[in-house]
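Structure data (PDB, C-alpha atoms and all ligand atoms) from my_file-v7.pdb:
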```pdb
ATOM      1  CA  MET A   1       0.516 -51.279 -22.018
ATOM      2  CA  ALA A   2      -1.137 -47.895 -22.403
ATOM      3  CA  GLY A   3      -2.201 -45.270 -19.898
ATOM      4  CA  ARG A   4      -0.825 -44.426 -16.487
ATOM      5  CA  ILE A   5       1.715 -46.895 -15.179
ATOM      6  CA  ARG A   6       2.896 -47.687 -11.655
ATOM      7  CA  LEU A   7       6.568 -47.048 -11.177
ATOM      8  CA  GLY A   8       8.910 -48.478  -8.572
ATOM      9  CA  VAL A   9      12.222 -46.602  -8.260
ATOM     10  CA  LEU A  10      15.490 -47.714  -6.658
ATOM     11  CA  ILE A  11      18.240 -45.266  -5.713
ATOM     12  CA  SER A  12      21.557 -45.273  -3.872
ATOM     13  CA  GLY A  13      22.358 -41.580  -3.519
ATOM     14  CA  GLY A  14      21.103 -38.063  -4.069
ATOM     15  CA  GLY A  15      18.192 -38.994  -6.296
ATOM     16  CA  THR A  16      18.197 -36.142  -8.824
ATOM     17  CA  ASN A  17      16.937 -38.580 -11.481
ATOM     18  CA  LEU A  18      14.205 -39.696  -9.080
ATOM     19  CA  GLN A  19      13.281 -36.029  -8.668
ATOM     20  CA  ALA A  20      13.163 -35.526 -12.447
ATOM     21  CA  ILE A  21      10.884 -38.563 -12.769
ATOM     22  CA  MET A  22       8.588 -37.402  -9.942
ATOM     23  CA  ASP A  23       8.435 -33.900 -11.466
ATOM     24  CA  ALA A  24       7.594 -35.339 -14.889
ATOM     25  CA  CYS A  25       4.774 -37.392 -13.311
ATOM     26  CA  GLU A  26       3.454 -34.216 -11.659
ATOM     27  CA  ASN A  27       3.500 -31.994 -14.717
ATOM     28  CA  THR A  28       1.929 -34.620 -17.015
ATOM     29  CA  ARG A  29       4.996 -35.204 -19.187
ATOM     30  CA  LEU A  30       4.936 -38.726 -17.822
ATOM     31  CA  ASP A  31       1.853 -40.934 -17.572
ATOM     32  CA  ALA A  32       3.101 -42.657 -14.451
ATOM     33  CA  ASP A  33       2.897 -42.581 -10.672
ATOM     34  CA  VAL A  34       5.833 -43.442  -8.455
ATOM     35  CA  VAL A  35       4.393 -46.008  -6.026
ATOM     36  CA  CYS A  36       7.509 -46.786  -3.970
ATOM     37  CA  VAL A  37      11.158 -45.800  -3.659
ATOM     38  CA  GLY A  38      13.777 -48.117  -2.232
ATOM     39  CA  SER A  39      17.483 -47.989  -1.552
ATOM     40  CA  ASP A  40      20.373 -50.280  -0.714
ATOM     41  CA  ASN A  41      21.844 -47.439   1.328
ATOM     42  CA  PRO A  42      20.188 -46.218   4.534
ATOM     43  CA  GLN A  43      21.964 -42.839   4.105
ATOM     44  CA  ALA A  44      20.679 -42.165   0.568
ATOM     45  CA  SER A  45      19.545 -38.550   0.720
ATOM     46  CA  GLY A  46      17.211 -39.144  -2.221
ATOM     47  CA  LEU A  47      14.888 -41.077   0.133
ATOM     48  CA  GLU A  48      13.934 -37.726   1.653
ATOM     49  CA  ARG A  49      12.721 -36.508  -1.758
ATOM     50  CA  ALA A  50      10.313 -39.448  -1.888
ATOM     51  CA  ARG A  51       9.134 -38.963   1.705
ATOM     52  CA  LYS A  52       8.441 -35.292   1.003
ATOM     53  CA  ALA A  53       6.265 -36.365  -1.907
ATOM     54  CA  GLY A  54       4.389 -38.816   0.338
ATOM     55  CA  ILE A  55       5.757 -41.881  -1.476
ATOM     56  CA  PRO A  56       6.429 -45.023   0.607
ATOM     57  CA  THR A  57      10.136 -45.804   1.007
ATOM     58  CA  PHE A  58      12.156 -48.794   2.152
ATOM     59  CA  VAL A  59      15.795 -49.742   2.641
ATOM     60  CA  VAL A  60      17.488 -53.087   2.102
ATOM     61  CA  ASP A  61      20.895 -52.567   3.650
ATOM     62  CA  TYR A  62      23.197 -54.502   1.290
ATOM     63  CA  ARG A  63      26.288 -53.745   3.372
ATOM     64  CA  ALA A  64      24.766 -55.115   6.563
ATOM     65  CA  ILE A  65      23.632 -58.226   4.688
ATOM     66  CA  ALA A  66      27.153 -58.815   3.313
ATOM     67  CA  ARG A  67      28.655 -58.289   6.776
ATOM     68  CA  ALA A  68      26.278 -60.806   8.376
ATOM     69  CA  PHE A  69      27.039 -63.305   5.613
ATOM     70  CA  ARG A  70      30.800 -62.976   6.119
ATOM     71  CA  ALA A  71      30.411 -63.468   9.871
ATOM     72  CA  ALA A  72      28.343 -66.679   9.556
ATOM     73  CA  PRO A  73      28.020 -68.013   5.996
ATOM     74  CA  GLU A  74      26.431 -71.315   7.117
ATOM     75  CA  ALA A  75      23.659 -69.480   8.940
ATOM     76  CA  ALA A  76      22.827 -67.275   5.933
ATOM     77  CA  PRO A  77      19.050 -67.006   5.477
ATOM     78  CA  LEU A  78      19.014 -68.024   1.802
ATOM     79  CA  PRO A  79      15.632 -67.663   0.098
ATOM     80  CA  LYS A  80      13.787 -70.989  -0.221
ATOM     81  CA  ASP A  81      13.511 -70.647  -3.997
ATOM     82  CA  PHE A  82      17.240 -69.893  -4.511
ATOM     83  CA  ARG A  83      18.986 -72.407  -6.808
ATOM     84  CA  LEU A  84      22.709 -71.678  -6.824
ATOM     85  CA  ASP A  85      23.500 -73.799  -9.914
ATOM     86  CA  GLU A  86      20.832 -72.099 -11.973
ATOM     87  CA  ILE A  87      21.863 -68.566 -10.955
ATOM     88  CA  ARG A  88      25.561 -69.360 -11.436
ATOM     89  CA  SER A  89      25.006 -70.618 -14.961
ATOM     90  CA  LYS A  90      22.799 -67.688 -15.999
ATOM     91  CA  GLN A  91      24.724 -64.782 -14.471
ATOM     92  CA  ARG A  92      27.023 -62.688 -16.664
ATOM     93  CA  LEU A  93      28.307 -60.282 -14.005
ATOM     94  CA  MET A  94      31.473 -62.220 -13.277
ATOM     95  CA  ALA A  95      32.354 -64.033 -16.470
ATOM     96  CA  GLY A  96      35.165 -66.533 -15.885
ATOM     97  CA  ALA A  97      35.365 -65.756 -12.170
ATOM     98  CA  SER A  98      38.714 -67.188 -11.084
ATOM     99  CA  ASP A  99      37.582 -67.929  -7.538
ATOM    100  CA  PRO A 100      34.379 -70.020  -7.577
ATOM    101  CA  ALA A 101      33.945 -69.694  -3.806
ATOM    102  CA  ARG A 102      33.954 -65.908  -4.101
ATOM    103  CA  LEU A 103      31.397 -66.010  -6.898
ATOM    104  CA  ASP A 104      29.110 -68.278  -4.874
ATOM    105  CA  ALA A 105      29.392 -66.039  -1.808
ATOM    106  CA  PHE A 106      28.529 -63.033  -3.970
ATOM    107  CA  LEU A 107      25.512 -64.756  -5.522
ATOM    108  CA  LYS A 108      24.261 -65.919  -2.124
ATOM    109  CA  THR A 109      24.540 -62.513  -0.419
ATOM    110  CA  ARG A 110      22.863 -60.896  -3.396
ATOM    111  CA  ALA A 111      20.018 -63.417  -3.353
ATOM    112  CA  ILE A 112      19.387 -62.599   0.327
ATOM    113  CA  ALA A 113      19.325 -58.866  -0.474
ATOM    114  CA  GLU A 114      17.279 -59.341  -3.628
ATOM    115  CA  ALA A 115      14.681 -61.501  -1.868
ATOM    116  CA  ALA A 116      14.357 -58.700   0.710
ATOM    117  CA  LEU A 117      13.825 -56.203  -2.140
ATOM    118  CA  VAL A 118      11.118 -58.389  -3.675
ATOM    119  CA  ALA A 119       9.404 -58.652  -0.277
ATOM    120  CA  ALA A 120       9.686 -54.904   0.372
ATOM    121  CA  MET A 121       8.046 -54.090  -2.964
ATOM    122  CA  GLU A 122       5.252 -56.621  -2.630
ATOM    123  CA  PRO A 123       2.767 -54.221  -0.976
ATOM    124  CA  THR A 124       3.104 -51.761  -3.874
ATOM    125  CA  PRO A 125       2.852 -53.637  -7.196
ATOM    126  CA  PHE A 126       4.520 -51.865 -10.099
ATOM    127  CA  ASP A 127       4.525 -52.081 -13.895
ATOM    128  CA  LEU A 128       8.092 -50.858 -14.331
ATOM    129  CA  LEU A 129      11.084 -50.703 -12.006
ATOM    130  CA  ALA A 130      13.374 -47.743 -12.759
ATOM    131  CA  LEU A 131      16.916 -47.819 -11.405
ATOM    132  CA  ALA A 132      17.911 -44.207 -10.817
ATOM    133  CA  GLY A 133      21.483 -44.173  -9.598
ATOM    134  CA  PHE A 134      21.057 -47.591  -7.942
ATOM    135  CA  MET A 135      24.659 -48.727  -7.636
ATOM    136  CA  ARG A 136      24.149 -52.500  -7.380
ATOM    137  CA  ASN A 137      23.975 -55.029 -10.174
ATOM    138  CA  PHE A 138      21.171 -57.542 -10.071
ATOM    139  CA  THR A 139      21.647 -61.271 -10.369
ATOM    140  CA  PRO A 140      19.263 -63.462 -12.394
ATOM    141  CA  TYR A 141      17.542 -64.326  -9.086
ATOM    142  CA  PHE A 142      15.990 -60.847  -8.927
ATOM    143  CA  ILE A 143      15.650 -60.205 -12.660
ATOM    144  CA  ASP A 144      13.668 -63.409 -13.272
ATOM    145  CA  ARG A 145      11.361 -62.694 -10.363
ATOM    146  CA  VAL A 146      10.581 -59.192 -11.595
ATOM    147  CA  ASN A 147      10.264 -60.027 -15.285
ATOM    148  CA  GLY A 148       8.396 -63.321 -14.873
ATOM    149  CA  ASP A 149       7.412 -64.622 -18.285
ATOM    150  CA  ARG A 150       6.575 -61.218 -19.751
ATOM    151  CA  ALA A 151       7.812 -60.685 -23.293
ATOM    152  CA  LEU A 152       9.052 -57.170 -22.454
ATOM    153  CA  PRO A 153      11.630 -56.713 -19.687
ATOM    154  CA  ARG A 154      10.505 -54.349 -16.961
ATOM    155  CA  ILE A 155      13.652 -53.169 -15.210
ATOM    156  CA  MET A 156      15.148 -49.994 -16.703
ATOM    157  CA  ASN A 157      18.437 -48.325 -15.852
ATOM    158  CA  ILE A 158      20.135 -45.041 -16.650
ATOM    159  CA  HIS A 159      23.867 -45.171 -17.249
ATOM    160  CA  PRO A 160      26.226 -42.163 -17.417
ATOM    161  CA  ALA A 161      27.996 -43.096 -20.681
ATOM    162  CA  LEU A 162      27.224 -43.946 -24.281
ATOM    163  CA  LEU A 163      26.966 -47.720 -23.932
ATOM    164  CA  PRO A 164      28.448 -50.112 -24.848
ATOM    165  CA  ALA A 165      31.416 -47.854 -24.061
ATOM    166  CA  PHE A 166      32.305 -47.520 -20.395
ATOM    167  CA  PRO A 167      30.010 -49.804 -18.428
ATOM    168  CA  GLY A 168      30.603 -49.799 -14.663
ATOM    169  CA  THR A 169      30.304 -47.285 -11.889
ATOM    170  CA  ASP A 170      32.032 -44.176 -13.275
ATOM    171  CA  GLY A 171      30.801 -43.570 -16.810
ATOM    172  CA  TYR A 172      31.489 -39.831 -17.002
ATOM    173  CA  GLY A 173      34.881 -40.276 -15.339
ATOM    174  CA  ASP A 174      35.876 -43.081 -17.718
ATOM    175  CA  THR A 175      34.685 -41.044 -20.734
ATOM    176  CA  PHE A 176      36.645 -37.977 -19.627
ATOM    177  CA  ARG A 177      39.859 -39.811 -18.757
ATOM    178  CA  TYR A 178      39.818 -41.693 -22.058
ATOM    179  CA  GLY A 179      39.953 -38.367 -23.911
ATOM    180  CA  CYS A 180      36.613 -38.817 -25.690
ATOM    181  CA  LYS A 181      35.271 -35.878 -27.660
ATOM    182  CA  VAL A 182      31.655 -36.838 -27.055
ATOM    183  CA  ALA A 183      29.980 -37.894 -23.782
ATOM    184  CA  GLY A 184      26.457 -38.982 -23.049
ATOM    185  CA  CYS A 185      24.003 -41.144 -21.203
ATOM    186  CA  THR A 186      22.011 -44.265 -22.006
ATOM    187  CA  VAL A 187      18.720 -45.725 -20.819
ATOM    188  CA  HIS A 188      18.485 -49.488 -21.248
ATOM    189  CA  PHE A 189      16.646 -52.549 -20.052
ATOM    190  CA  VAL A 190      18.537 -54.625 -17.508
ATOM    191  CA  ASP A 191      19.719 -58.084 -18.519
ATOM    192  CA  TYR A 192      22.023 -60.602 -16.822
ATOM    193  CA  GLY A 193      25.208 -58.644 -17.607
ATOM    194  CA  GLU A 194      26.579 -55.335 -16.340
ATOM    195  CA  ASP A 195      25.045 -52.402 -18.277
ATOM    196  CA  SER A 196      24.665 -54.723 -21.262
ATOM    197  CA  GLY A 197      20.899 -54.824 -21.828
ATOM    198  CA  PRO A 198      18.936 -53.591 -24.857
ATOM    199  CA  ILE A 199      19.297 -49.840 -25.388
ATOM    200  CA  ILE A 200      16.134 -47.705 -25.290
ATOM    201  CA  GLY A 201      17.504 -44.179 -25.657
ATOM    202  CA  GLN A 202      20.738 -42.204 -25.678
ATOM    203  CA  ARG A 203      21.692 -38.549 -25.476
ATOM    204  CA  ALA A 204      25.115 -37.266 -26.509
ATOM    205  CA  PHE A 205      26.882 -33.939 -26.096
ATOM    206  CA  PRO A 206      30.287 -32.635 -27.193
ATOM    207  CA  ILE A 207      33.228 -32.429 -24.805
ATOM    208  CA  ARG A 208      34.969 -29.073 -25.208
ATOM    209  CA  PRO A 209      38.679 -28.465 -24.565
ATOM    210  CA  GLU A 210      37.862 -26.367 -21.499
ATOM    211  CA  ASP A 211      35.646 -29.063 -19.944
ATOM    212  CA  SER A 212      36.475 -30.758 -16.658
ATOM    213  CA  LEU A 213      34.991 -33.907 -15.179
ATOM    214  CA  GLU A 214      32.700 -31.670 -13.113
ATOM    215  CA  THR A 215      31.296 -29.785 -16.115
ATOM    216  CA  ILE A 216      30.803 -33.036 -18.031
ATOM    217  CA  ARG A 217      28.997 -34.613 -15.090
ATOM    218  CA  LYS A 218      26.787 -31.531 -14.726
ATOM    219  CA  ARG A 219      25.817 -31.435 -18.406
ATOM    220  CA  GLY A 220      25.378 -35.210 -18.434
ATOM    221  CA  LEU A 221      22.993 -35.172 -15.483
ATOM    222  CA  GLU A 222      20.903 -32.475 -17.183
ATOM    223  CA  ARG A 223      20.575 -34.775 -20.218
ATOM    224  CA  GLU A 224      19.689 -37.703 -17.937
ATOM    225  CA  TRP A 225      16.823 -35.739 -16.383
ATOM    226  CA  GLU A 226      15.302 -35.275 -19.858
ATOM    227  CA  LEU A 227      16.074 -38.684 -21.294
ATOM    228  CA  TYR A 228      14.863 -40.920 -18.460
ATOM    229  CA  PRO A 229      11.273 -39.601 -18.287
ATOM    230  CA  GLU A 230      11.098 -39.756 -22.108
ATOM    231  CA  CYS A 231      12.075 -43.425 -22.140
ATOM    232  CA  ILE A 232       9.674 -44.283 -19.318
ATOM    233  CA  GLN A 233       6.922 -42.498 -21.247
ATOM    234  CA  LEU A 234       7.629 -44.741 -24.276
ATOM    235  CA  PHE A 235       7.124 -47.741 -21.985
ATOM    236  CA  ALA A 236       3.894 -46.226 -20.610
ATOM    237  CA  GLU A 237       2.631 -45.715 -24.167
ATOM    238  CA  GLY A 238       3.331 -49.368 -24.981
ATOM    239  CA  ARG A 239       5.784 -48.344 -27.674
ATOM    240  CA  LEU A 240       8.781 -50.479 -26.657
ATOM    241  CA  LYS A 241       9.316 -53.895 -28.110
ATOM    242  CA  THR A 242      12.337 -56.170 -27.889
ATOM    243  CA  VAL A 243      13.395 -58.031 -31.016
ATOM    244  CA  ARG A 244      15.999 -60.782 -31.384
ATOM    245  CA  MET A 245      18.258 -59.862 -34.318
ATOM    246  CA  THR A 246      20.684 -62.124 -36.148
ATOM    247  CA  HIS A 247      23.419 -60.500 -38.227
ATOM    248  CA  PRO A 248      25.884 -62.228 -40.548
ATOM    249  CA  LEU A 249      29.533 -61.525 -39.723
ATOM    250  CA  PRO A 250      32.701 -62.076 -41.770
ATOM    251  CA  GLY A 251      33.986 -65.655 -41.609
ATOM    252  CA  GLY A 252      30.527 -67.201 -41.714
ATOM    253  CA  LYS A 253      29.825 -66.309 -38.098
ATOM    254  CA  THR A 254      26.652 -64.653 -36.859
ATOM    255  CA  LEU A 255      25.919 -62.140 -34.140
ATOM    256  CA  GLU A 256      22.752 -62.423 -32.122
ATOM    257  CA  ARG A 257      21.502 -59.516 -30.097
ATOM    258  CA  THR A 258      18.238 -58.459 -28.502
ATOM    259  CA  VAL A 259      17.476 -54.845 -29.382
ATOM    260  CA  VAL A 260      14.653 -52.435 -28.631
ATOM    261  CA  THR A 261      12.358 -51.272 -31.408
ATOM    262  CA  ILE A 262      10.403 -48.075 -30.768
ATOM    263  CA  LEU A 263       6.930 -48.351 -32.237
ATOM    264  CA  PRO A 264       5.266 -45.317 -33.823
ATOM    265  CA  LYS A 265       2.732 -43.366 -31.780
ATOM    266  CA  SER A 266      -0.714 -44.789 -32.398
TER
HETATM  267  C1  LIG B   1      23.615 -40.691 -12.438
HETATM  268  O1  LIG B   1      24.684 -40.099 -13.148
HETATM  269  C2  LIG B   1      23.270 -42.044 -12.993
HETATM  270  O2  LIG B   1      23.428 -42.132 -14.376
HETATM  271  C3  LIG B   1      24.324 -42.893 -12.302
HETATM  272  O3  LIG B   1      24.380 -42.395 -10.987
HETATM  273  C4  LIG B   1      24.018 -41.015 -11.001
HETATM  274  C5  LIG B   1      22.878 -40.868 -10.036
HETATM  275  O4  LIG B   1      22.554 -39.551  -9.783
HETATM  276  N1  LIG B   1      23.999 -44.291 -12.398
HETATM  277  P1  LIG B   1      21.252 -39.176  -8.957
HETATM  278  O5  LIG B   1      21.293 -39.986  -7.661
HETATM  279  O6  LIG B   1      20.052 -39.500  -9.780
HETATM  280  O7  LIG B   1      21.386 -37.720  -8.684
END
```
For the structure just supplied, provide its representation as structure tokens.
Ligand code: GRF
Amino acid sequence: MAGRIRLGVLISGGGTNLQAIMDACENTRLDADVVCVGSDNPQASGLERARKAGIPTFVVDYRAIARAFRAAPEAAPLPKDFRLDEIRSKQRLMAGASDPARLDAFLKTRAIAEAALVAAMEPTPFDLLALAGFMRNFTPYFIDRVNGDRALPRIMNIHPALLPAFPGTDGYGDTFRYGCKVAGCTVHFVDYGEDSGPIIGQRAFPIRPEDSLETIRKRGLEREWELYPECIQLFAEGRLKTVRMTHPLPGGKTLERTVVTILPKS
């Protein structure tokens, strides 16, 4: 893909990354237009940033959906194209889940929410979906519907740690508490696992003895605001390619991993 791309963005909170992306679109650092902004959280203050910029917004209230499911699981409005067996076998969010009933309930509530997301985004087609502080993992139900049979994935996420270290919801906190001497952020494509998809870009910075979690978070966010638009721009320029790599390991084993190759500027 080359030229100006259409960007969907999902947020859960304050939306400073969304703001950085919208600003980059405005000042021509990013050949993209944000076409819609959605949230799982009706209170997400970042939605106001989108509204101010005249961008259509929507909310799919994940909490309300989970509550309704718990109250009446048999009456749950599961999407017609939802196949529990298929989603269960593909998902890597809850590996070895000890309670199968809990896993199924999770996958069902998520499919209801994810079908609502797909429907909400239908009026504004997008080339890339950027998760900017969206605090929900996607199941294969959503990922397959967004990616279709395209060779290149098209859901991107920004994570507040140097993956694969510290996946999960508190990357800067986990980095700080571990006693790391370097912190950072990562932009990656989303796959069926949690923060496990192919890495597109990373930015690191040193942790100084006088740093606190607050100062690390502040410096990290500043790096995120630079890194995310840069990675989206690589996508817009058609310079991202995923490649399946096979590496020999000791003991005759092999490691397979899909990685991102960044193509030179043409
Ligand atoms: C960022 O640190 C992002 O990496 C993480 O959540 C935070 C969102 O911040 N996933 P904001 O809503 O973009 O300000």
First collect every listed atom of ligand LIG 1 (chain B); then fit an axis-aligned box around them, widen it by 6 Å on each side, and give centre and edge lengths in Å to one decimal, as lines of an AutoDock Vina configuration file.
```
center_x = 22.4
center_y = -41.0
center_z = -11.0
size_x = 16.6
size_y = 18.6
size_z = 18.7
```
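The set of residues that the PyMOL selection byres (((chain A and resi 144) around 12) and not hetatm) takes from this file is Asp81, Phe82, Glu86, Ile87, Lys90, Gln91, Ala111, Glu114, Ala115, Val118, Phe138, Thr139, Pro140, Tyr141, Phe142, Ile143, Arg145, Val146, Asn147, Gly148, Asp149, Arg150, Ala151, Pro153, Arg154, Ile155, Val190, Asp191 and Tyr192 of chain A.
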Write the residues you've just listed into a file as a PDB file, in the coordinates of the input, and include C-alpha atoms for each of them.
```pdb
ATOM      1  CA  ASP A  81      13.511 -70.647  -3.997  1.00  0.00           C
ATOM      2  CA  PHE A  82      17.240 -69.893  -4.511  1.00  0.00           C
ATOM      3  CA  GLU A  86      20.832 -72.099 -11.973  1.00  0.00           C
ATOM      4  CA  ILE A  87      21.863 -68.566 -10.955  1.00  0.00           C
ATOM      5  CA  LYS A  90      22.799 -67.688 -15.999  1.00  0.00           C
ATOM      6  CA  GLN A  91      24.724 -64.782 -14.471  1.00  0.00           C
ATOM      7  CA  ALA A 111      20.018 -63.417  -3.353  1.00  0.00           C
ATOM      8  CA  GLU A 114      17.279 -59.341  -3.628  1.00  0.00           C
ATOM      9  CA  ALA A 115      14.681 -61.501  -1.868  1.00  0.00           C
ATOM     10  CA  VAL A 118      11.118 -58.389  -3.675  1.00  0.00           C
ATOM     11  CA  PHE A 138      21.171 -57.542 -10.071  1.00  0.00           C
ATOM     12  CA  THR A 139      21.647 -61.271 -10.369  1.00  0.00           C
ATOM     13  CA  PRO A 140      19.263 -63.462 -12.394  1.00  0.00           C
ATOM     14  CA  TYR A 141      17.542 -64.326  -9.086  1.00  0.00           C
ATOM     15  CA  PHE A 142      15.990 -60.847  -8.927  1.00  0.00           C
ATOM     16  CA  ILE A 143      15.650 -60.205 -12.660  1.00  0.00           C
ATOM     17  CA  ARG A 145      11.361 -62.694 -10.363  1.00  0.00           C
ATOM     18  CA  VAL A 146      10.581 -59.192 -11.595  1.00  0.00           C
ATOM     19  CA  ASN A 147      10.264 -60.027 -15.285  1.00  0.00           C
ATOM     20  CA  GLY A 148       8.396 -63.321 -14.873  1.00  0.00           C
ATOM     21  CA  ASP A 149       7.412 -64.622 -18.285  1.00  0.00           C
ATOM     22  CA  ARG A 150       6.575 -61.218 -19.751  1.00  0.00           C
ATOM     23  CA  ALA A 151       7.812 -60.685 -23.293  1.00  0.00           C
ATOM     24  CA  PRO A 153      11.630 -56.713 -19.687  1.00  0.00           C
ATOM     25  CA  ARG A 154      10.505 -54.349 -16.961  1.00  0.00           C
ATOM     26  CA  ILE A 155      13.652 -53.169 -15.210  1.00  0.00           C
ATOM     27  CA  VAL A 190      18.537 -54.625 -17.508  1.00  0.00           C
ATOM     28  CA  ASP A 191      19.719 -58.084 -18.519  1.00  0.00           C
ATOM     29  CA  TYR A 192      22.023 -60.602 -16.822  1.00  0.00           C
TER      30      TYR A 192
END
```
* Residues within 9 Å of ligand LIG 1 (chain B), counting all atoms listed in the file, as JSON, numbers by chain -> {"A": [11, 12, 13, 14, 15, 16, 17, 18, 19, 20, 44, 45, 46, 131, 132, 133, 134, 135, 157, 158, 159, 160, 161, 168, 169, 170, 171, 172, 185, 186, 187, 217, 218, 220, 221, 224, 225]}
* Close residues, A:Arg244 itself excluded, 9 Å, only C-alpha atoms, min 3 positions apart in chain, as a ChimeraX atom specification -> /A:256-260
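The coordinates place atom CA of A:Ala68 at 14.5 Å from atom CA of A:Leu107.
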* Calculate how many Å separate atom CA of A:Phe58 from atom CA of A:Ala120, rounding to one decimal. => 6.8 Å
* Who sits within 12 Å of A:Glu74, only C-alpha atoms, same chain under 5 positions skipped, as a VMD selection string -> chain A and resid 68 to 69 105 108 to 109
